[in-house]
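Quick look at query_38.txt (compact mmCIF, C-alpha atoms):
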```
# COMPACT_ATOMS: atom_id res chain seq x y z
CA MET A 1 -1.60 31.99 -4.74
CA LYS A 2 -5.30 32.01 -5.53
CA SER A 3 -7.13 30.33 -8.39
CA THR A 4 -5.52 31.19 -11.72
CA ALA A 5 -5.84 30.08 -15.32
CA ALA A 6 -3.45 27.24 -14.55
CA HIS A 7 -4.74 26.23 -11.11
CA ILE A 8 -8.16 26.28 -9.46
CA ASP A 9 -9.35 25.63 -5.91
CA ALA A 10 -11.20 22.53 -4.69
CA PRO A 11 -14.79 23.86 -4.85
CA GLU A 12 -14.35 25.00 -8.46
CA ALA A 13 -12.57 21.79 -9.50
CA ALA A 14 -15.29 19.64 -7.95
CA GLN A 15 -17.99 21.76 -9.60
CA ARG A 16 -16.42 21.46 -13.07
CA LEU A 17 -16.27 17.69 -12.72
CA GLY A 18 -19.66 17.32 -11.07
CA ILE A 19 -18.21 15.34 -8.16
CA SER A 20 -17.74 15.68 -4.41
CA ARG A 21 -14.52 17.03 -2.95
CA ALA A 22 -13.80 13.57 -1.49
CA THR A 23 -13.86 12.12 -5.01
CA LEU A 24 -11.62 14.95 -6.23
CA TYR A 25 -9.09 14.03 -3.53
CA ALA A 26 -9.32 10.40 -4.64
CA TYR A 27 -8.52 11.48 -8.23
CA VAL A 28 -5.43 13.27 -6.91
CA SER A 29 -4.30 10.16 -5.01
CA ARG A 30 -4.63 8.11 -8.22
CA GLY A 31 -2.55 10.60 -10.21
CA LEU A 32 -5.46 11.76 -12.38
CA VAL A 33 -5.24 15.35 -11.18
CA ARG A 34 -2.07 17.17 -10.14
CA ALA A 35 -2.20 19.36 -7.04
CA VAL A 36 0.10 22.04 -5.66
CA ALA A 37 0.20 23.82 -2.32
CA ASP A 38 -1.42 27.24 -2.10
CA THR A 39 1.49 29.56 -1.28
CA ASP A 40 -0.86 31.87 0.61
CA ASP A 41 -2.14 29.01 2.79
CA PRO A 42 -0.04 25.81 2.79
CA ARG A 43 -2.93 23.88 4.36
CA ARG A 44 -4.89 24.27 1.11
CA SER A 45 -4.25 22.79 -2.32
CA LEU A 46 -4.87 24.05 -5.83
CA TYR A 47 -5.59 21.76 -8.76
CA ASN A 48 -4.23 21.71 -12.30
CA ALA A 49 -6.92 23.25 -14.51
CA ALA A 50 -5.75 21.35 -17.62
CA ASP A 51 -6.04 18.04 -15.78
CA ILE A 52 -9.53 18.95 -14.66
CA ALA A 53 -10.55 19.89 -18.20
CA ALA A 54 -9.10 16.68 -19.67
CA LEU A 55 -10.82 14.55 -17.05
CA ALA A 56 -14.15 16.31 -17.60
CA ASP A 57 -13.83 15.68 -21.34
CA ARG A 58 -12.96 12.04 -20.78
CA LYS A 59 -15.94 11.61 -18.45
CA THR A 60 -18.21 13.06 -21.15
CA ARG A 61 -16.86 10.92 -24.00
CA SER A 62 -16.33 7.61 -22.20
CA ARG A 63 -19.40 6.13 -20.59
CA LYS A 64 -18.79 2.43 -21.25
CA PRO A 65 -20.01 0.43 -18.24
CA GLU A 66 -16.77 -1.54 -17.99
CA SER A 67 -14.70 1.67 -17.95
CA VAL A 68 -16.79 3.13 -15.15
CA ALA A 69 -16.66 -0.10 -13.14
CA ASN A 70 -12.88 -0.39 -13.49
CA ALA A 71 -12.36 3.16 -12.20
CA THR A 72 -14.51 2.56 -9.12
CA LEU A 73 -12.28 -0.15 -7.72
CA ASP A 74 -9.33 2.10 -6.77
CA PHE A 75 -10.50 4.91 -4.46
CA GLY A 76 -12.96 5.89 -7.17
CA LEU A 77 -16.65 6.65 -7.36
CA PRO A 78 -18.97 4.69 -5.04
CA VAL A 79 -19.72 1.16 -6.20
CA LEU A 80 -22.51 0.45 -3.70
CA ALA A 81 -25.22 2.53 -2.12
CA SER A 82 -24.98 2.56 1.69
CA GLY A 83 -26.68 4.41 4.51
CA ILE A 84 -24.09 3.52 7.14
CA THR A 85 -21.04 5.78 6.84
CA SER A 86 -20.08 8.78 4.73
CA ILE A 87 -16.70 10.38 4.07
CA ALA A 88 -16.98 13.85 2.60
CA ASP A 89 -15.12 17.15 2.88
CA GLY A 90 -12.53 15.61 5.16
CA ARG A 91 -15.04 14.34 7.72
CA LEU A 92 -16.21 10.88 8.74
CA ALA A 93 -19.84 10.43 9.78
CA TYR A 94 -21.75 7.44 11.18
CA ARG A 95 -25.37 7.62 9.97
CA GLY A 96 -25.09 11.38 9.71
CA ARG A 97 -23.29 11.93 13.05
CA ASP A 98 -19.68 13.10 13.10
CA ALA A 99 -17.62 10.07 14.13
CA THR A 100 -15.25 12.10 16.30
CA ASP A 101 -18.25 13.46 18.23
CA VAL A 102 -19.61 9.93 18.67
CA ALA A 103 -16.20 8.73 19.88
CA ALA A 104 -16.04 11.47 22.52
CA THR A 105 -18.48 9.62 24.78
CA ALA A 106 -19.82 6.46 23.11
CA SER A 107 -18.75 2.89 23.78
CA LEU A 108 -18.18 0.43 20.96
CA GLU A 109 -21.54 -1.09 21.87
CA ASP A 110 -23.17 2.34 21.45
CA ALA A 111 -21.51 2.66 18.05
CA ALA A 112 -22.86 -0.77 17.10
CA ARG A 113 -26.41 0.22 18.04
CA LEU A 114 -26.05 3.31 15.87
CA LEU A 115 -24.40 1.63 12.87
CA TRP A 116 -26.74 -1.37 12.98
CA ASP A 117 -29.71 1.02 13.27
CA CYS A 118 -31.15 -0.87 16.24
CA GLY A 119 -33.44 1.90 17.46
CA ALA A 120 -34.63 1.12 20.99
CA ASP A 121 -33.47 -2.51 20.83
CA ASP A 122 -30.26 -3.50 22.59
CA PRO A 123 -28.52 -6.54 21.10
CA PHE A 124 -25.90 -6.34 23.88
CA ALA A 125 -28.47 -6.76 26.65
CA ASP A 126 -27.98 -10.52 26.65
CA PRO A 127 -25.31 -12.09 28.88
CA ALA A 128 -22.02 -13.35 27.49
CA PRO A 129 -22.55 -15.47 24.37
CA GLU A 130 -22.80 -19.24 24.59
CA ILE A 131 -19.68 -20.92 23.25
CA ASP A 132 -18.59 -24.46 22.55
CA PRO A 133 -16.91 -25.97 25.64
CA VAL A 134 -13.77 -26.59 23.59
CA TRP A 135 -13.08 -22.80 23.41
CA PRO A 136 -10.70 -22.56 26.44
CA GLU A 137 -8.59 -25.52 25.34
CA LEU A 138 -8.45 -24.38 21.72
CA ALA A 139 -7.73 -20.75 22.66
CA GLY A 140 -4.80 -21.85 24.80
CA GLY A 141 -3.29 -23.75 21.91
CA LEU A 142 -3.65 -20.74 19.60
CA ALA A 143 -1.96 -18.23 21.92
CA ARG A 144 1.04 -17.74 19.66
CA LEU A 145 -1.03 -17.08 16.55
CA SER A 146 -2.21 -13.69 15.30
CA VAL A 147 -5.60 -12.23 16.19
CA PHE A 148 -6.74 -13.11 12.66
CA GLU A 149 -5.82 -16.78 12.96
CA ARG A 150 -7.27 -17.07 16.46
CA SER A 151 -10.51 -15.41 15.41
CA ALA A 152 -10.87 -17.60 12.34
CA ALA A 153 -10.61 -20.68 14.55
CA LEU A 154 -12.76 -19.44 17.43
CA LEU A 155 -15.65 -17.56 15.82
CA PRO A 156 -17.35 -20.76 14.60
CA LEU A 157 -17.57 -21.84 18.27
CA VAL A 158 -20.06 -19.04 19.06
CA ARG A 159 -23.62 -20.31 19.18
CA ASP A 160 -25.77 -19.22 16.20
CA ALA A 161 -22.84 -17.37 14.58
CA THR A 162 -22.52 -19.92 11.80
CA GLN A 163 -26.18 -19.92 10.79
CA ILE A 164 -26.71 -18.61 7.28
CA THR A 165 -28.33 -15.19 7.09
CA TRP A 166 -30.46 -15.94 4.02
CA GLN A 167 -34.05 -14.72 4.57
CA ARG A 168 -33.60 -14.22 8.32
CA GLU A 169 -35.08 -11.04 9.76
CA THR A 170 -32.38 -8.43 10.40
CA ARG A 171 -33.34 -7.76 14.00
CA ARG A 172 -32.98 -11.47 14.76
CA LEU A 173 -29.36 -11.27 13.60
CA TRP A 174 -28.39 -8.45 15.98
CA PRO A 175 -27.76 -10.76 18.99
CA SER A 176 -25.49 -12.91 16.83
CA GLY A 177 -23.63 -9.76 15.82
CA ALA A 178 -23.19 -8.75 19.45
CA ALA A 179 -21.91 -12.22 20.29
CA LEU A 180 -19.37 -12.04 17.48
CA VAL A 181 -18.05 -8.64 18.57
CA ARG A 182 -17.52 -10.01 22.07
CA ALA A 183 -15.93 -13.15 20.64
CA ILE A 184 -13.40 -11.20 18.55
CA ALA A 185 -12.49 -9.17 21.65
CA ALA A 186 -11.98 -12.43 23.53
CA ALA A 187 -9.94 -13.92 20.69
CA ALA A 188 -7.76 -10.80 20.65
CA THR A 189 -6.89 -11.21 24.33
CA GLY A 190 -6.96 -14.98 24.77
CA ARG A 191 -9.86 -14.83 27.21
CA LEU A 192 -13.44 -16.07 27.27
CA PRO A 193 -16.22 -13.85 25.82
CA SER A 194 -17.68 -11.49 28.40
CA SER A 195 -20.71 -9.23 28.73
CA GLU A 196 -18.49 -6.40 30.01
CA PRO A 197 -18.08 -3.40 27.66
CA VAL A 198 -15.43 -4.27 25.12
CA HIS A 199 -12.99 -1.50 26.09
CA ARG A 200 -13.07 -2.74 29.68
CA GLN A 201 -12.49 -6.33 28.55
CA LEU A 202 -9.40 -5.24 26.62
CA GLY A 203 -8.22 -2.95 29.41
CA ALA A 204 -8.46 -5.72 32.01
CA ALA A 205 -6.70 -8.22 29.77
CA TRP A 206 -3.86 -5.80 29.06
CA GLY A 207 -3.56 -4.52 32.64
CA ILE A 208 -4.25 -0.81 32.11
CA ASP A 209 -6.16 1.61 34.32
CA ALA A 210 -9.60 3.16 33.74
CA ALA A 211 -8.16 6.19 31.94
CA GLY A 212 -6.25 3.95 29.55
CA ALA A 213 -9.34 1.82 28.94
CA ASP A 214 -11.26 4.99 28.10
CA THR A 215 -8.63 5.86 25.50
CA LEU A 216 -9.16 2.38 24.07
CA ARG A 217 -12.89 3.14 23.96
CA THR A 218 -12.23 6.22 21.83
CA ALA A 219 -9.99 4.27 19.45
CA LEU A 220 -12.48 1.44 19.05
CA VAL A 221 -15.28 3.82 18.09
CA LEU A 222 -13.09 5.79 15.68
CA LEU A 223 -12.16 2.51 13.98
CA ALA A 224 -15.70 1.10 13.94
CA ASP A 225 -16.33 1.77 10.25
CA HIS A 226 -14.76 3.45 7.26
CA GLU A 227 -17.15 3.02 4.37
CA LEU A 228 -16.18 0.59 1.57
CA ASN A 229 -12.56 -0.17 2.41
CA ALA A 230 -11.08 -3.46 1.22
CA SER A 231 -12.07 -5.53 4.26
CA THR A 232 -15.60 -4.17 4.34
CA PHE A 233 -16.06 -4.86 0.65
CA ALA A 234 -14.85 -8.42 1.25
CA VAL A 235 -17.42 -8.77 4.04
CA ARG A 236 -20.20 -7.52 1.77
CA VAL A 237 -19.25 -9.94 -1.00
CA VAL A 238 -19.47 -12.91 1.38
CA ALA A 239 -22.66 -11.60 3.01
CA SER A 240 -24.24 -11.19 -0.42
CA THR A 241 -24.11 -14.98 -0.85
CA GLY A 242 -26.30 -15.48 2.24
CA ALA A 243 -23.41 -16.95 4.24
CA SER A 244 -23.20 -16.66 8.02
CA LEU A 245 -22.06 -13.54 9.85
CA ALA A 246 -19.06 -15.52 11.12
CA SER A 247 -18.06 -16.34 7.54
CA ALA A 248 -18.43 -12.71 6.49
CA LEU A 249 -16.32 -11.51 9.41
CA SER A 250 -13.65 -14.10 8.62
CA ALA A 251 -13.36 -12.56 5.16
CA GLY A 252 -12.97 -9.11 6.69
CA LEU A 253 -10.28 -10.33 9.07
CA GLY A 254 -8.34 -11.87 6.20
CA ALA A 255 -8.42 -8.66 4.18
CA LEU A 256 -7.54 -6.50 7.19
CA SER A 257 -4.39 -8.50 7.85
CA GLY A 258 -2.69 -7.35 4.64
CA PRO A 259 0.12 -4.75 4.80
CA LEU A 260 -1.80 -2.37 2.54
CA HIS A 261 -4.71 -2.31 5.01
CA GLY A 262 -4.69 -2.94 8.78
CA GLY A 263 -1.29 -4.56 8.51
CA GLN A 264 0.11 -1.06 8.02
CA THR A 265 0.31 -0.88 11.80
CA SER A 266 3.27 -3.30 11.79
CA LEU A 267 5.09 -1.01 9.34
CA VAL A 268 4.40 1.98 11.58
CA GLU A 269 5.77 0.01 14.54
CA ALA A 270 8.96 -0.57 12.54
CA LEU A 271 9.19 3.15 11.73
CA PHE A 272 9.01 4.03 15.43
CA GLU A 273 11.63 1.44 16.30
CA GLU A 274 13.98 2.65 13.58
CA ALA A 275 13.54 6.27 14.68
CA GLU A 276 14.26 5.25 18.26
CA ARG A 277 17.52 3.60 17.23
CA ALA A 278 18.53 6.46 14.93
CA GLY A 279 17.91 9.14 17.56
CA ASP A 280 17.09 11.66 14.83
CA ALA A 281 13.65 11.40 13.22
CA ALA A 282 14.32 14.04 10.56
CA ALA A 283 17.54 12.36 9.40
CA LEU A 284 15.80 8.99 9.34
CA ILE A 285 12.99 10.33 7.17
CA ASP A 286 15.54 11.83 4.78
CA ARG A 287 17.38 8.50 4.49
CA ARG A 288 14.18 6.63 3.82
CA LEU A 289 13.19 9.14 1.16
CA TRP A 290 16.58 8.77 -0.55
CA ARG A 291 16.11 5.00 -0.56
CA GLY A 292 12.70 5.41 -2.13
CA ASP A 293 10.97 3.81 0.86
CA ARG A 294 7.32 4.30 1.62
CA LEU A 295 6.56 6.24 4.78
CA PRO A 296 3.76 4.38 6.56
CA GLY A 297 1.38 6.06 8.98
CA PHE A 298 0.97 9.35 7.15
CA ASP A 299 -1.61 10.76 4.76
CA HIS A 300 -4.82 9.16 3.55
CA PRO A 301 -6.31 9.53 0.06
CA LEU A 302 -9.72 10.44 1.49
CA TYR A 303 -8.36 13.03 3.95
CA PRO A 304 -5.92 15.33 2.13
CA GLU A 305 -6.19 17.89 4.91
CA GLY A 306 -5.53 15.31 7.65
CA ASP A 307 -7.21 12.22 9.08
CA PRO A 308 -9.75 13.40 11.71
CA ARG A 309 -9.59 10.02 13.45
CA ALA A 310 -5.87 10.46 14.03
CA SER A 311 -6.32 13.99 15.34
CA ALA A 312 -9.00 12.89 17.80
CA LEU A 313 -6.99 9.94 19.12
CA LEU A 314 -3.60 11.67 19.30
CA ALA A 315 -5.19 14.51 21.30
CA ARG A 316 -5.92 11.99 24.07
CA LEU A 317 -2.33 10.79 24.44
CA PRO A 318 0.36 12.25 26.72
CA ALA A 319 3.31 14.00 25.08
CA ASP A 320 5.97 11.79 23.52
CA PRO A 321 9.14 13.44 22.12
CA LEU A 322 9.77 10.67 19.58
CA ARG A 323 6.22 10.84 18.27
CA ALA A 324 6.41 14.63 18.12
CA ASP A 325 9.70 14.48 16.19
CA LEU A 326 8.25 12.06 13.62
CA ILE A 327 5.16 14.23 13.15
CA ALA A 328 7.30 17.36 12.78
CA ALA A 329 9.64 15.72 10.26
CA MET A 330 6.70 14.54 8.14
CA ASP A 331 4.88 17.84 8.49
CA ARG A 332 7.81 19.52 6.71
CA LEU A 333 6.91 17.26 3.75
CA GLY A 334 3.27 18.30 3.95
CA LYS A 335 2.23 14.91 5.33
CA ARG A 336 -0.04 14.36 8.33
CA PRO A 337 -0.57 11.37 10.64
CA ASN A 338 -3.29 8.88 9.78
CA VAL A 339 -5.19 6.50 12.04
CA ASP A 340 -2.53 3.76 11.71
CA PHE A 341 0.08 6.10 13.19
CA ALA A 342 -2.33 7.17 15.93
CA THR A 343 -3.25 3.60 16.87
CA VAL A 344 0.39 2.55 17.17
CA SER A 345 1.09 5.74 19.14
CA MET A 346 -1.69 4.73 21.53
CA ARG A 347 -0.24 1.23 21.91
CA ARG A 348 3.15 2.65 22.81
CA SER A 349 1.70 5.28 25.13
CA LEU A 350 -0.42 2.77 27.07
CA GLY A 351 2.30 0.10 27.11
CA LEU A 352 0.08 -2.44 25.37
CA PRO A 353 1.51 -5.72 24.02
CA GLN A 354 3.09 -5.86 20.58
CA GLY A 355 0.42 -6.49 17.95
CA SER A 356 -2.37 -4.99 20.02
CA ALA A 357 -2.71 -1.96 17.73
CA LEU A 358 -3.89 -4.29 14.99
CA ALA A 359 -6.06 -6.21 17.46
CA VAL A 360 -7.83 -2.98 18.45
CA PHE A 361 -8.34 -2.24 14.75
CA ALA A 362 -9.91 -5.67 14.18
CA VAL A 363 -12.16 -5.54 17.24
CA GLY A 364 -13.41 -2.04 16.48
CA ARG A 365 -13.95 -2.68 12.77
CA SER A 366 -15.97 -5.82 13.49
CA VAL A 367 -18.90 -3.54 14.32
CA GLY A 368 -18.80 -1.89 10.90
CA TRP A 369 -18.38 -5.23 9.15
CA ILE A 370 -21.55 -6.52 10.77
CA ALA A 371 -23.41 -3.32 9.81
CA HIS A 372 -22.41 -3.77 6.18
CA ALA A 373 -23.15 -7.50 6.20
CA LEU A 374 -26.66 -6.79 7.47
CA GLU A 375 -27.19 -3.98 4.97
CA GLN A 376 -25.99 -6.12 2.08
CA ARG A 377 -28.10 -9.08 3.16
CA ALA A 378 -31.18 -6.84 3.21
CA THR A 379 -30.70 -6.00 -0.49
CA GLY A 380 -31.05 -9.64 -1.47
CA LYS A 381 -28.47 -9.06 -4.22
CA LEU A 382 -25.36 -11.09 -5.02
CA ILE A 383 -22.21 -9.04 -5.65
CA ARG A 384 -20.76 -10.47 -8.82
CA PRO A 385 -18.64 -8.09 -10.96
CA ARG A 386 -17.60 -9.04 -14.49
CA ALA A 387 -13.99 -9.18 -15.68
CA ARG A 388 -12.61 -7.52 -18.81
CA TYR A 389 -10.49 -10.23 -20.44
CA ASP A 390 -7.04 -8.99 -21.51
CA GLY A 391 -5.20 -12.29 -21.89
CA ARG A 392 -4.22 -14.24 -24.99
CA PRO A 393 -6.69 -14.33 -27.85
CA GLU A 394 -8.38 -17.66 -28.43
```
Show me, as structure tokens, the structure contained in the file I just sent.
Amino acid sequence: MKSTAAHIDAPEAAQRLGISRATLYAYVSRGLVRAVADTDDPRRSLYNAADIAALADRKTRSRKPESVANATLDFGLPVLASGITSIADGRLAYRGRDATDVAATASLEDAARLLWDCGADDPFADPAPEIDPVWPELAGGLARLSVFERSAALLPLVRDATQITWQRETRRLWPSGAALVRAIAAAATGRLPSSEPVHRQLGAAWGIDAAGADTLRTALVLLADHELNASTFAVRVVASTGASLASALSAGLGALSGPLHGGQTSLVEALFEEAERAGDAAALIDRRLWRGDRLPGFDHPLYPEGDPRASALLARLPADPLRADLIAAMDRLGKRPNVDFATVSMRRSLGLPQGSALAVFAVGRSVGWIAHALEQRATGKLIRPRARYDGRPE
């Protein structure tokens, strides 16, 4: 089924609205535009022409600032200019370089140098960061807490990490950023910060071989940044006040922990466990659909044709019949794995501890958070949206 009077393809729909295809996909995820599968090519979608026309008319007639601002806060148009990461046409790029290509060989430290725009400087050249002597004792007492709670307690113990960023030269903040990345890796594993590459630190702590550590390296780089997601926006808000990098990262960690963000990994873990007990992935998916349950780990509003991060990471893992059955069952619904599914699949494949999928997410994303904190600080602007009051009249 090609473009018709009732349905048009993505390039034409985006052109009529004057938007990118990524924004078109976001409109679909928000229910503003209906989409159907192209019967000639199920991998493609066609878009309701009437919805496109109505949306174009609405965009022309309604240009109130508050209306535009409200729409941007839910997978909408960009709310901040950024030169760090772009998501367009189903691809993720770090400063213009395809993220999956970067992840093929780069370490997390390499990704940091790229995202922080360090040029020839190397903020990771220094030895392990100086920490308060109380770190080992405190870390031992926090062993049962989550990576978020441990990090919140331990990051302030990193020297210089709590200094406010206001009016400090960006390049002088890079070493503090490197120290914080190493500190979050240490907090995730219950060890002391190290100058070893982060993927090797994690691999040694979790007792996996060099090949497994290299898979961790790929995952960390793929997770390093994802534009203005909820945790990154939280980081930028705190950074815009001139607060310390440690404070900004604490905000990101708090946002990441929620079940609608990084906490999705725990829901994917539960899906795997339920499928394992059921012994029939397809039947399990059917039951969950009948119950009206959400199916975590599949699809992403910004990648309607499939999450490239998931594809790159899953390609590195050995075959797993249970994982294959889940993917096949969801594929029959037109749904594809996202990075949450891939990260949990990696945890299971490498035999990592429970909760480590989310720890890898937090450690990798710390690099992007620092990039955005530095970029926001450089603008010298405070992020302070206005609210549209809809409560009781005075």
- Give me, please, the distance in Å between atom CA of A:Ala186 and atom CA of A:Glu130, quoted to one decimal. 12.8 Å
Closest pair table for stretch 163-265 of chain A residues within 10 Å of stretch 370-377 of chain A, all atoms listed in the file, as JSON lines:
```
{"residue": "A:Thr165", "atom": "CA", "partner": "A:Arg377", "partner_atom": "CA", "distance": 7.3}
{"residue": "A:Trp166", "atom": "CA", "partner": "A:Arg377", "partner_atom": "CA", "distance": 7.3}
{"residue": "A:Gln167", "atom": "CA", "partner": "A:Arg377", "partner_atom": "CA", "distance": 8.3}
{"residue": "A:Arg168", "atom": "CA", "partner": "A:Arg377", "partner_atom": "CA", "distance": 9.1}
{"residue": "A:Glu169", "atom": "CA", "partner": "A:Leu374", "partner_atom": "CA", "distance": 9.7}
{"residue": "A:Thr170", "atom": "CA", "partner": "A:Leu374", "partner_atom": "CA", "distance": 6.6}
{"residue": "A:Arg171", "atom": "CA", "partner": "A:Leu374", "partner_atom": "CA", "distance": 9.4}
{"residue": "A:Leu173", "atom": "CA", "partner": "A:Leu374", "partner_atom": "CA", "distance": 8.1}
{"residue": "A:Trp174", "atom": "CA", "partner": "A:Ile370", "partner_atom": "CA", "distance": 8.8}
{"residue": "A:Ser176", "atom": "CA", "partner": "A:Ile370", "partner_atom": "CA", "distance": 9.6}
{"residue": "A:Gly177", "atom": "CA", "partner": "A:Ile370", "partner_atom": "CA", "distance": 6.4}
{"residue": "A:Ala178", "atom": "CA", "partner": "A:Ile370", "partner_atom": "CA", "distance": 9.1}
{"residue": "A:Leu180", "atom": "CA", "partner": "A:Ile370", "partner_atom": "CA", "distance": 9.0}
{"residue": "A:Val181", "atom": "CA", "partner": "A:Ile370", "partner_atom": "CA", "distance": 8.8}
{"residue": "A:Ala224", "atom": "CA", "partner": "A:Ala371", "partner_atom": "CA", "distance": 9.8}
{"residue": "A:Asp225", "atom": "CA", "partner": "A:Ala371", "partner_atom": "CA", "distance": 8.7}
{"residue": "A:Glu227", "atom": "CA", "partner": "A:His372", "partner_atom": "CA", "distance": 8.8}
{"residue": "A:Leu228", "atom": "CA", "partner": "A:His372", "partner_atom": "CA", "distance": 8.9}
{"residue": "A:Thr232", "atom": "CA", "partner": "A:His372", "partner_atom": "CA", "distance": 7.1}
{"residue": "A:Phe233", "atom": "CA", "partner": "A:His372", "partner_atom": "CA", "distance": 8.5}
{"residue": "A:Ala234", "atom": "CA", "partner": "A:Ala373", "partner_atom": "CA", "distance": 9.7}
{"residue": "A:Val235", "atom": "CA", "partner": "A:Ala373", "partner_atom": "CA", "distance": 6.3}
{"residue": "A:Arg236", "atom": "CA", "partner": "A:Ala373", "partner_atom": "CA", "distance": 5.3}
{"residue": "A:Val237", "atom": "CA", "partner": "A:Gln376", "partner_atom": "CA", "distance": 8.3}
{"residue": "A:Val238", "atom": "CA", "partner": "A:Ala373", "partner_atom": "CA", "distance": 8.1}
{"residue": "A:Ala239", "atom": "CA", "partner": "A:Ala373", "partner_atom": "CA", "distance": 5.2}
{"residue": "A:Ser240", "atom": "CA", "partner": "A:Arg377", "partner_atom": "CA", "distance": 5.7}
{"residue": "A:Thr241", "atom": "CA", "partner": "A:Arg377", "partner_atom": "CA", "distance": 8.2}
{"residue": "A:Gly242", "atom": "CA", "partner": "A:Arg377", "partner_atom": "CA", "distance": 6.7}
{"residue": "A:Ala243", "atom": "CA", "partner": "A:Arg377", "partner_atom": "CA", "distance": 9.2}
{"residue": "A:Ser244", "atom": "CA", "partner": "A:Ala373", "partner_atom": "CA", "distance": 9.3}
{"residue": "A:Leu245", "atom": "CA", "partner": "A:Ile370", "partner_atom": "CA", "distance": 7.1}
{"residue": "A:Ala246", "atom": "CA", "partner": "A:Ile370", "partner_atom": "CA", "distance": 9.3}
{"residue": "A:Ala248", "atom": "CA", "partner": "A:Ala373", "partner_atom": "CA", "distance": 7.0}
{"residue": "A:Leu249", "atom": "CA", "partner": "A:Ile370", "partner_atom": "CA", "distance": 7.4}
{"residue": "A:Gly252", "atom": "CA", "partner": "A:Ile370", "partner_atom": "CA", "distance": 9.8}
```
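One finds atom CA of A:Leu192 at 28.0 Å from atom CA of A:Leu313.
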- Which polymer residues have any atom within 7 Å of an atom of stretch 81-98 of chain A, counting only C-alpha atoms, with same-chain residues fewer than 4 positions away left out, as number ranges by chain? A: 21-22, 102, 115, 226-227, 302-303, 305, 308
Please produce an output containing C-alpha atoms for each residue in the selection, written as a PDB file, keeping the file's coordinate frame.
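Result file selection.pdb:
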```pdb
ATOM      1  CA  ARG A  21     -14.520  17.030  -2.950  1.00  0.00           C
ATOM      2  CA  ALA A  22     -13.800  13.570  -1.490  1.00  0.00           C
ATOM      3  CA  VAL A 102     -19.610   9.930  18.670  1.00  0.00           C
ATOM      4  CA  LEU A 115     -24.400   1.630  12.870  1.00  0.00           C
ATOM      5  CA  HIS A 226     -14.760   3.450   7.260  1.00  0.00           C
ATOM      6  CA  GLU A 227     -17.150   3.020   4.370  1.00  0.00           C
ATOM      7  CA  LEU A 302      -9.720  10.440   1.490  1.00  0.00           C
ATOM      8  CA  TYR A 303      -8.360  13.030   3.950  1.00  0.00           C
ATOM      9  CA  GLU A 305      -6.190  17.890   4.910  1.00  0.00           C
ATOM     10  CA  PRO A 308      -9.750  13.400  11.710  1.00  0.00           C
TER      11      PRO A 308
END
```
- Task: Quote the spacing between atom CA of A:Pro337 and atom CA of A:Ala312 in Å to one decimal place.
- Result: 11.2 Å
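Using all atoms listed in the file, the nearest neighbour of A:Ser146 within the list A:Ala103, A:Ala387, A:Met346, A:Ala357 is A:Ala357.
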Would you mind listing what lies within 8 Å of stretch 217-223 of chain A as a PDB file with C-alpha atoms, in the frame of the given file, with only C-alpha atoms counted and same-chain residues fewer than 2 positions away left out?
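Ended up saving to result-v1.pdb:
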```pdb
ATOM      1  CA  ALA A  99     -17.620  10.070  14.130  1.00  0.00           C
ATOM      2  CA  THR A 100     -15.250  12.100  16.300  1.00  0.00           C
ATOM      3  CA  VAL A 102     -19.610   9.930  18.670  1.00  0.00           C
ATOM      4  CA  ALA A 103     -16.200   8.730  19.880  1.00  0.00           C
ATOM      5  CA  ALA A 104     -16.040  11.470  22.520  1.00  0.00           C
ATOM      6  CA  THR A 105     -18.480   9.620  24.780  1.00  0.00           C
ATOM      7  CA  ALA A 106     -19.820   6.460  23.110  1.00  0.00           C
ATOM      8  CA  SER A 107     -18.750   2.890  23.780  1.00  0.00           C
ATOM      9  CA  LEU A 108     -18.180   0.430  20.960  1.00  0.00           C
ATOM     10  CA  ALA A 111     -21.510   2.660  18.050  1.00  0.00           C
ATOM     11  CA  VAL A 198     -15.430  -4.270  25.120  1.00  0.00           C
ATOM     12  CA  HIS A 199     -12.990  -1.500  26.090  1.00  0.00           C
ATOM     13  CA  ALA A 213      -9.340   1.820  28.940  1.00  0.00           C
ATOM     14  CA  ASP A 214     -11.260   4.990  28.100  1.00  0.00           C
ATOM     15  CA  THR A 215      -8.630   5.860  25.500  1.00  0.00           C
ATOM     16  CA  ASP A 225     -16.330   1.770  10.250  1.00  0.00           C
ATOM     17  CA  HIS A 226     -14.760   3.450   7.260  1.00  0.00           C
ATOM     18  CA  ARG A 309      -9.590  10.020  13.450  1.00  0.00           C
ATOM     19  CA  LEU A 313      -6.990   9.940  19.120  1.00  0.00           C
ATOM     20  CA  THR A 343      -3.250   3.600  16.870  1.00  0.00           C
ATOM     21  CA  VAL A 360      -7.830  -2.980  18.450  1.00  0.00           C
ATOM     22  CA  PHE A 361      -8.340  -2.240  14.750  1.00  0.00           C
ATOM     23  CA  VAL A 363     -12.160  -5.540  17.240  1.00  0.00           C
ATOM     24  CA  GLY A 364     -13.410  -2.040  16.480  1.00  0.00           C
ATOM     25  CA  ARG A 365     -13.950  -2.680  12.770  1.00  0.00           C
TER      26      ARG A 365
END
```
- Hey, what's within 12 Å of A:Ala270 if we count only C-alpha atoms and toss same-chain stuff fewer than 2 positions away? As a ChimeraX atom specification, please? /A:263-268,272-277,295-297,341,344,354-355
- Task: Go through A:Ala54, A:Ala13, A:Ala179, A:Ile19 one by one, measure the shortest atom-to-atom distance of each to A:Ala35 using all atoms listed in the file, and give the residue with the smallest value.
- Result: A:Ala13
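For the point (-3.6, 24.3, -1.5), the residues with at least one atom inside 12 Å, counting all atoms listed in the file, are A:Met1, A:Lys2, A:Ser3, A:His7, A:Ile8, A:Asp9, A:Ala10, A:Pro11, A:Tyr25, A:Arg34, A:Ala35, A:Val36, A:Ala37, A:Asp38, A:Thr39, A:Asp40, A:Asp41, A:Pro42, A:Arg43, A:Arg44, A:Ser45, A:Leu46, A:Tyr47, A:Asn48, A:Pro304, A:Glu305, A:Gly334.
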